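This is structure-v3.cif (mmCIF, C-alpha atoms).
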data_model
loop_
_atom_site.label_atom_id
_atom_site.label_comp_id
_atom_site.auth_asym_id
_atom_site.auth_seq_id
_atom_site.Cartn_x
_atom_site.Cartn_y
_atom_site.Cartn_z
CA MET A 5 -20.19 -22.23 -7.78
CA LEU A 6 -23.42 -23.88 -6.64
CA SER A 7 -22.88 -25.98 -3.60
CA ASN A 8 -26.02 -28.14 -3.20
CA ILE A 9 -25.56 -30.09 -6.37
CA SER A 10 -22.96 -29.79 -9.09
CA GLU A 11 -23.53 -27.00 -11.56
CA ASN A 12 -23.40 -29.47 -14.44
CA SER A 13 -26.13 -31.64 -12.93
CA PHE A 14 -28.31 -28.64 -12.22
CA GLN A 15 -27.84 -27.28 -15.72
CA GLN A 16 -28.64 -30.66 -17.18
CA LEU A 17 -31.84 -30.83 -15.16
CA PHE A 18 -32.69 -27.32 -16.25
CA ASP A 19 -31.99 -27.98 -19.94
CA THR A 20 -34.08 -31.15 -19.90
CA ASN A 21 -37.10 -29.73 -18.13
CA ASN A 22 -37.28 -25.95 -18.41
CA LYS A 23 -39.32 -25.82 -21.61
CA LYS A 24 -41.98 -28.13 -20.24
CA VAL A 25 -42.05 -26.30 -16.91
CA PHE A 26 -42.44 -22.96 -18.65
CA ASN A 27 -45.24 -24.20 -20.90
CA ILE A 28 -47.14 -25.90 -18.08
CA SER A 29 -46.96 -22.67 -16.14
CA LEU A 30 -47.89 -20.58 -19.16
CA ASN A 31 -51.00 -22.64 -19.83
CA ILE A 32 -52.14 -22.38 -16.22
CA VAL A 33 -51.39 -18.73 -15.45
CA GLN A 34 -51.92 -17.44 -19.02
CA ASN A 35 -49.20 -14.79 -18.87
CA ILE A 36 -45.65 -15.00 -20.25
CA GLU A 37 -43.89 -12.86 -17.63
CA ASP A 38 -45.62 -14.65 -14.75
CA ALA A 39 -44.77 -18.01 -16.27
CA GLU A 40 -41.09 -17.00 -16.47
CA ASP A 41 -41.10 -15.90 -12.83
CA ILE A 42 -42.74 -19.16 -11.80
CA THR A 43 -40.22 -21.16 -13.83
CA GLN A 44 -37.43 -19.46 -11.90
CA GLU A 45 -39.18 -20.23 -8.60
CA VAL A 46 -39.60 -23.86 -9.63
CA PHE A 47 -35.91 -24.39 -10.35
CA ILE A 48 -34.83 -22.56 -7.24
CA GLU A 49 -37.02 -24.93 -5.23
CA VAL A 50 -35.61 -27.86 -7.21
CA TYR A 51 -32.09 -26.74 -6.37
CA TYR A 52 -32.76 -26.59 -2.63
CA SER A 53 -35.00 -29.66 -2.43
CA LEU A 54 -33.16 -32.04 -4.75
CA PRO A 55 -30.70 -33.38 -2.16
CA GLY A 56 -33.69 -34.62 -0.17
CA PHE A 57 -35.53 -36.05 -3.18
CA ASN A 58 -36.58 -39.54 -2.30
CA GLU A 59 -39.67 -40.31 -4.34
CA LYS A 60 -40.62 -43.27 -6.45
CA ALA A 61 -41.61 -40.98 -9.32
CA SER A 62 -38.99 -39.66 -11.70
CA VAL A 63 -37.27 -36.33 -11.10
CA SER A 64 -39.05 -34.83 -14.11
CA THR A 65 -42.46 -35.83 -12.73
CA TRP A 66 -41.54 -34.23 -9.44
CA ILE A 67 -40.39 -31.04 -11.17
CA TYR A 68 -43.61 -30.80 -13.20
CA ARG A 69 -45.62 -31.30 -10.00
CA ILE A 70 -43.78 -28.36 -8.42
CA ALA A 71 -44.55 -26.30 -11.55
CA VAL A 72 -48.26 -27.15 -11.34
CA ASN A 73 -48.45 -26.34 -7.61
CA LYS A 74 -46.58 -23.07 -7.89
CA SER A 75 -48.74 -22.00 -10.84
CA LEU A 76 -51.95 -22.83 -8.97
CA ASP A 77 -50.67 -21.00 -5.87
CA PHE A 78 -49.95 -17.99 -8.04
CA LEU A 79 -53.51 -18.03 -9.39
CA LYS A 80 -54.96 -18.28 -5.87
CA ALA A 81 -52.92 -15.29 -4.75
CA LYS A 82 -54.04 -13.35 -7.81
CA LYS A 83 -57.71 -14.17 -7.16
CA ARG A 84 -57.37 -13.03 -3.53
CA LYS A 85 -56.14 -9.65 -4.75
CA LYS A 86 -58.97 -9.45 -7.30
CA ARG A 87 -61.62 -10.04 -4.63
CA PHE A 88 -60.77 -6.72 -3.10
CA ALA A 89 -61.01 -4.91 -6.38
CA LEU A 90 -64.23 -3.29 -7.47
CA LEU A 91 -66.42 -5.62 -9.45
CA THR A 92 -68.26 -4.00 -12.28
CA GLN A 93 -71.03 -5.50 -14.35
CA LEU A 94 -71.20 -9.24 -13.96
CA PHE A 95 -74.21 -10.05 -16.05
CA HIS A 96 -75.23 -9.09 -19.53
CA PRO A 97 -78.01 -6.46 -19.18
CA GLU A 98 -80.21 -8.04 -21.85
CA THR A 99 -79.69 -11.77 -21.58
CA GLY A 100 -78.87 -12.04 -17.89
CA LEU A 101 -76.07 -14.43 -18.81
CA GLN A 102 -72.94 -14.20 -16.71
CA LEU A 103 -70.39 -12.07 -18.50
CA HIS A 104 -66.93 -13.50 -18.66
CA ASP A 105 -63.81 -11.59 -17.91
CA ILE A 106 -62.36 -10.94 -21.32
CA SER A 107 -59.13 -12.85 -21.44
CA HIS A 108 -56.36 -11.14 -23.31
CA PHE A 109 -54.22 -14.22 -23.36
CA ASP A 110 -52.66 -14.59 -26.74
CA HIS A 111 -50.73 -17.85 -26.56
CA PRO A 112 -47.55 -17.36 -28.61
CA GLY A 113 -47.64 -20.97 -29.75
CA VAL A 114 -50.91 -20.61 -31.66
CA ILE A 115 -51.15 -19.98 -35.41
CA LEU A 116 -52.97 -16.85 -36.56
CA GLU A 117 -56.13 -18.55 -37.78
CA ASN A 118 -56.63 -20.23 -34.38
CA LYS A 119 -55.90 -17.19 -32.20
CA GLU A 120 -59.51 -16.14 -31.57
CA ARG A 121 -60.76 -19.67 -30.88
CA THR A 122 -57.81 -20.40 -28.56
CA ARG A 123 -58.46 -17.17 -26.69
CA ILE A 124 -62.02 -18.35 -26.04
CA LEU A 125 -60.77 -21.80 -25.07
CA TYR A 126 -58.42 -20.33 -22.45
CA GLN A 127 -61.26 -18.25 -21.04
CA ALA A 128 -63.31 -21.41 -20.64
CA ILE A 129 -60.35 -23.33 -19.15
CA ASP A 130 -59.86 -20.52 -16.65
CA GLN A 131 -63.33 -21.20 -15.25
CA LEU A 132 -62.69 -24.84 -14.48
CA ILE A 133 -61.92 -25.90 -10.93
CA GLU A 134 -58.23 -26.50 -10.21
CA THR A 135 -58.17 -30.27 -10.57
CA GLN A 136 -60.12 -30.30 -13.84
CA LYS A 137 -58.08 -27.42 -15.22
CA THR A 138 -54.80 -29.15 -14.35
CA ALA A 139 -55.89 -32.50 -15.76
CA PHE A 140 -57.10 -30.90 -18.98
CA ILE A 141 -53.99 -28.79 -19.50
CA LEU A 142 -51.55 -31.61 -18.74
CA SER A 143 -53.41 -34.14 -20.82
CA ARG A 144 -54.95 -32.27 -23.74
CA VAL A 145 -52.65 -29.28 -24.13
CA GLU A 146 -49.28 -30.54 -22.90
CA GLY A 147 -49.82 -34.01 -24.31
CA PHE A 148 -48.98 -36.05 -21.21
CA SER A 149 -50.46 -39.54 -21.17
CA GLN A 150 -53.13 -40.34 -18.61
CA LYS A 151 -50.54 -42.31 -16.62
CA GLU A 152 -48.08 -39.39 -16.62
CA THR A 153 -50.84 -36.95 -15.69
CA ALA A 154 -51.86 -39.25 -12.83
CA GLU A 155 -48.26 -39.38 -11.54
CA ILE A 156 -47.87 -35.61 -11.66
CA MET A 157 -51.20 -35.02 -9.92
CA ARG A 158 -50.72 -37.95 -7.52
CA LEU A 159 -54.06 -39.43 -8.48
CA SER A 160 -55.17 -42.70 -10.00
CA GLU A 161 -55.66 -43.01 -13.73
CA LYS A 162 -59.36 -43.55 -13.18
CA ALA A 163 -59.55 -40.31 -11.25
CA ILE A 164 -57.85 -38.52 -14.12
CA GLU A 165 -60.30 -40.05 -16.57
CA ALA A 166 -63.21 -38.81 -14.46
CA LEU A 167 -61.66 -35.34 -14.16
CA LEU A 168 -61.15 -35.12 -17.91
CA GLN A 169 -64.73 -36.19 -18.54
CA ARG A 170 -66.08 -33.54 -16.18
CA ALA A 171 -63.68 -30.92 -17.56
CA LYS A 172 -64.97 -31.59 -21.05
CA GLU A 173 -68.61 -31.32 -19.91
CA ASN A 174 -67.95 -28.08 -18.08
CA LEU A 175 -66.01 -26.64 -20.98
CA LYS A 176 -68.90 -27.43 -23.29
CA LYS A 177 -71.29 -25.66 -20.91
CA SER A 178 -69.08 -22.55 -20.72
CA LEU A 179 -68.54 -22.54 -24.45
CA GLY A 180 -72.30 -22.81 -24.92
CA ASP A 181 -72.66 -19.58 -22.94
CA PHE A 182 -69.98 -17.95 -25.04
CA TYR A 183 -71.76 -19.07 -28.19
CA ARG A 184 -75.02 -17.45 -27.04
CA GLN A 185 -73.18 -14.30 -26.06
CA GLU A 186 -71.33 -14.07 -29.36
CA ARG A 187 -74.55 -14.43 -31.29
CA ILE A 188 -76.31 -11.54 -29.48
CA MET B 24 -71.79 -22.26 -37.60
CA GLU B 25 -73.94 -24.60 -35.54
CA LYS B 26 -73.39 -24.49 -31.78
CA LYS B 27 -72.12 -28.08 -31.41
CA GLU B 28 -69.77 -27.67 -34.36
CA TRP B 29 -68.48 -24.37 -32.99
CA ILE B 30 -67.85 -25.86 -29.52
CA ASN B 31 -65.98 -28.82 -31.00
CA SER B 32 -63.85 -26.53 -33.15
CA ILE B 33 -62.86 -24.60 -30.02
CA LEU B 34 -62.02 -27.75 -28.08
CA GLU B 35 -59.92 -29.06 -30.94
CA THR B 36 -57.58 -26.08 -30.78
CA ALA B 37 -56.23 -27.50 -27.49
CA SER B 38 -54.21 -30.11 -29.36
CA GLU B 39 -52.95 -27.53 -31.84
CA ILE B 40 -51.20 -25.34 -29.28
CA LYS B 41 -47.45 -25.54 -29.80
CA ALA B 42 -44.92 -25.40 -26.99
CA VAL B 43 -43.04 -22.12 -26.72
CA GLU B 44 -39.35 -21.57 -26.01
CA PRO B 45 -38.79 -19.76 -22.72
CA ASN B 46 -36.48 -16.78 -22.26
CA PRO B 47 -32.90 -17.96 -23.10
CA TYR B 48 -31.52 -15.95 -20.14
CA LEU B 49 -33.65 -17.76 -17.55
CA TYR B 50 -30.85 -20.07 -16.44
CA HIS B 51 -28.52 -17.15 -15.81
CA LYS B 52 -31.22 -15.35 -13.81
CA ILE B 53 -31.71 -18.46 -11.68
CA VAL B 54 -27.99 -18.96 -11.07
CA ASN B 55 -27.60 -15.27 -10.14
CA ARG B 56 -30.40 -15.62 -7.60
CA LEU B 57 -28.82 -18.76 -6.15
CA HIS B 58 -25.47 -17.02 -5.81
CA GLN B 59 -26.95 -14.12 -3.92
CA PRO B 60 -27.10 -14.41 -0.14
CA GLU B 61 -30.53 -15.56 0.92
CA LYS B 62 -32.64 -12.47 1.32
CA LEU B 63 -35.71 -12.75 3.42
CA SER B 64 -38.64 -12.18 1.13
CA SER B 65 -41.45 -10.00 2.31
CA THR B 66 -43.67 -13.08 2.59
CA ILE B 67 -41.25 -14.88 4.87
CA LEU B 68 -40.81 -11.69 6.91
CA LYS B 69 -44.58 -11.31 7.17
CA TYR B 70 -45.02 -14.88 8.43
CA LYS B 71 -42.12 -14.53 10.86
CA LEU B 72 -43.66 -11.31 12.18
CA GLU B 73 -47.02 -13.05 12.64
CA TRP B 74 -45.37 -15.84 14.63
CA VAL B 75 -43.52 -13.30 16.81
CA ILE B 76 -46.76 -11.41 17.50
CA ALA B 77 -48.58 -14.67 18.24
CA PHE B 78 -45.79 -15.71 20.63
CA PHE B 79 -45.96 -12.46 22.57
CA LEU B 80 -49.76 -12.62 22.67
CA VAL B 81 -49.58 -16.08 24.22
CA ILE B 82 -47.05 -14.85 26.77
CA ALA B 83 -49.21 -11.82 27.53
CA LEU B 84 -52.32 -13.99 27.96
CA ASN B 85 -50.51 -16.34 30.31
CA VAL B 86 -49.08 -13.47 32.34
CA SER B 87 -52.47 -11.76 32.61
CA SER B 88 -54.13 -15.04 33.64
CA LEU B 89 -51.46 -15.48 36.29
CA VAL B 90 -51.96 -11.93 37.56
CA VAL B 91 -55.77 -12.39 37.69
CA TYR B 92 -55.34 -15.70 39.49
CA LYS B 93 -52.94 -14.23 42.03
CA THR B 94 -55.26 -11.26 42.58
CA LYS B 95 -58.18 -13.63 43.19
CA VAL B 96 -56.11 -15.70 45.59
CA LYS B 97 -55.01 -12.56 47.41
CA LYS B 98 -58.60 -11.31 47.63
CA GLY B 99 -59.69 -14.72 48.74
CA LYS B 100 -57.12 -14.66 51.53
CA GLU B 101 -58.24 -11.15 52.51
CA VAL B 102 -61.89 -12.24 52.59
CA SER B 103 -61.15 -15.28 54.68
CA ALA B 104 -59.01 -13.12 56.99
CA ILE B 105 -61.91 -10.69 57.39
CA GLU B 106 -64.29 -13.56 58.02
CA ALA B 107 -61.97 -15.02 60.63
CA LEU B 108 -61.72 -11.63 62.31
CA SER B 109 -65.46 -11.09 62.28
CA GLY B 110 -65.89 -14.49 63.78
CA GLU B 111 -63.63 -13.54 66.66
CA ILE B 112 -65.24 -10.17 67.26
CA SER B 113 -68.66 -11.65 66.75
CA PHE B 114 -71.06 -9.25 65.17
CA ASN B 115 -74.12 -10.94 66.51
CA THR B 116 -76.31 -8.05 67.50
CA THR B 117 -78.19 -8.32 70.70
CA TYR B 118 -80.97 -5.98 71.44
CA ASN B 119 -81.70 -5.03 74.99
CA TYR B 120 -85.25 -3.98 75.14
#

Starting from the file, give its structure as structure tokens.
Amino acid sequence: MLSNISENSFQQLFDTNNKKVFNISLNIVQNIEDAEDITQEVFIEVYYSLPGFNEKASVSTWIYRIAVNKSLDFLKAKKRKKRFALLTQLFHPETGLQLHDISHFDHPGVILENKERTRILYQAIDQLIETQKTAFILSRVEGFSQKETAEIMRLSEKAIEALLQRAKENLKKSLGDFYRQERI
Amino acid sequence: MEKKEWINSILETASEIKAVEPNPYLYHKIVNRLHQPEKLSSTILKYKLEWVIAFFLVIALNVSSLVVYKTKVKKGKEVSAIEALSGEISFNTTYNY
């Protein structure tokens, strides 16, 4: 028997939000097992923090914000570990273009004919800075409106608009590099 | 395919990504974890250990500063005692030629 909140309420919260939480996490961390672990962490935090929840935003918005933050924290921890690993070739020997870490992320929600292009897209998304990455994923992949994205990220709608604009520009730049690489 | 066209085709796939169903046993895993007594994770333990070490370092610094201060005061007292004594004995040398 869960004591903080009733089991029914918690299950209801879980049933309403777990799919979105999982998919937000999946799109950020690009790994199914990690996304499942993060989803668990999110709802455990929700369970302990819900009695003190006192925000103007809806509970769902708050839960998605926790999902975003935990996913980004996970990525930061992963990058810290990578920094200590040996780095091999970073640049293409002939073109001098920066080589990208080949992403093996095969999103399960993508149809076969889009798999390769989506794999490249996720590689490019992975290179964005946190705020642009989050805004792009929430807005373009998860389908949140600009207003909802702004509430989750605790930014103004104008700020989200600017982030999306810059994300798109940077994605185009990265994809341009990929295009050159693919053609060599 | 032209570069611009290729880039746009990649960007368009973003809106075609479908949401995926998570593991159906996730809820049970979460409830099991909540029912278990709170175990200190290695991260929490690590941070607690760091705070304990920091606390003892601060204590050690304060104690050593106190010891150094007391030593200086003691030496200072000894020096002033020696000076007072030398004053009494008077080490002014007089030469009788």

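Using only C-alpha atoms, the chain B residues found within 6 Å of chain A amount to Ile33, Ala37, Ser38, Ile40, Lys41, Ala42, Val43 and Ile53 of chain B.
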
Could you expand the PyMOL selection byres ((chain A and resi 68-85) around 6) into the explicit residues it covers here, written as a compact mmCIF listing (two decimals) with C-alpha atoms, in the coordinates of the input?
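As written to disk, selection24.txt reads:
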# COMPACT_ATOMS: atom_id res chain seq x y z
CA VAL A 25 -42.05 -26.30 -16.91
CA SER A 29 -46.96 -22.67 -16.14
CA VAL A 46 -39.60 -23.86 -9.63
CA THR A 65 -42.46 -35.83 -12.73
CA TRP A 66 -41.54 -34.23 -9.44
CA ILE A 67 -40.39 -31.04 -11.17
CA LYS A 86 -58.97 -9.45 -7.30
CA ARG A 87 -61.62 -10.04 -4.63
CA PHE A 88 -60.77 -6.72 -3.10
CA ILE A 156 -47.87 -35.61 -11.66

(request) Please indicate the distance in Å from atom CA of Val81 of chain B to atom CA of Lys93 of chain B, rounded to one decimal place. (result) 18.2 Å

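Atom CA of Ala139 of chain A is positioned 10.0 Å from atom CA of Gln169 of chain A.
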
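Here atom CA of Gln34 of chain A and atom CA of Glu173 of chain A stand 21.7 Å from one another.
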
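With only C-alpha atoms as the atoms that count, the minimum distance from Val63 of chain A to the choices A:Glu155, A:Asp110, A:Glu117, A:Glu165 is reached by A:Glu155.
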
(request) Find the residues around Leu159 of chain A up to 12 Å (all atoms listed in the file counted), leave out those fewer than 6 positions away in its own chain, and share them as a PyMOL selection string. (result) chain A and resi 69+135+138-139+150-153+165-167

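Each of A:Ala154, A:Pro55, A:Lys137, A:Ser62 was compared to Ile9 of chain A using all atoms listed in the file, and A:Pro55 turns out to be the nearest.
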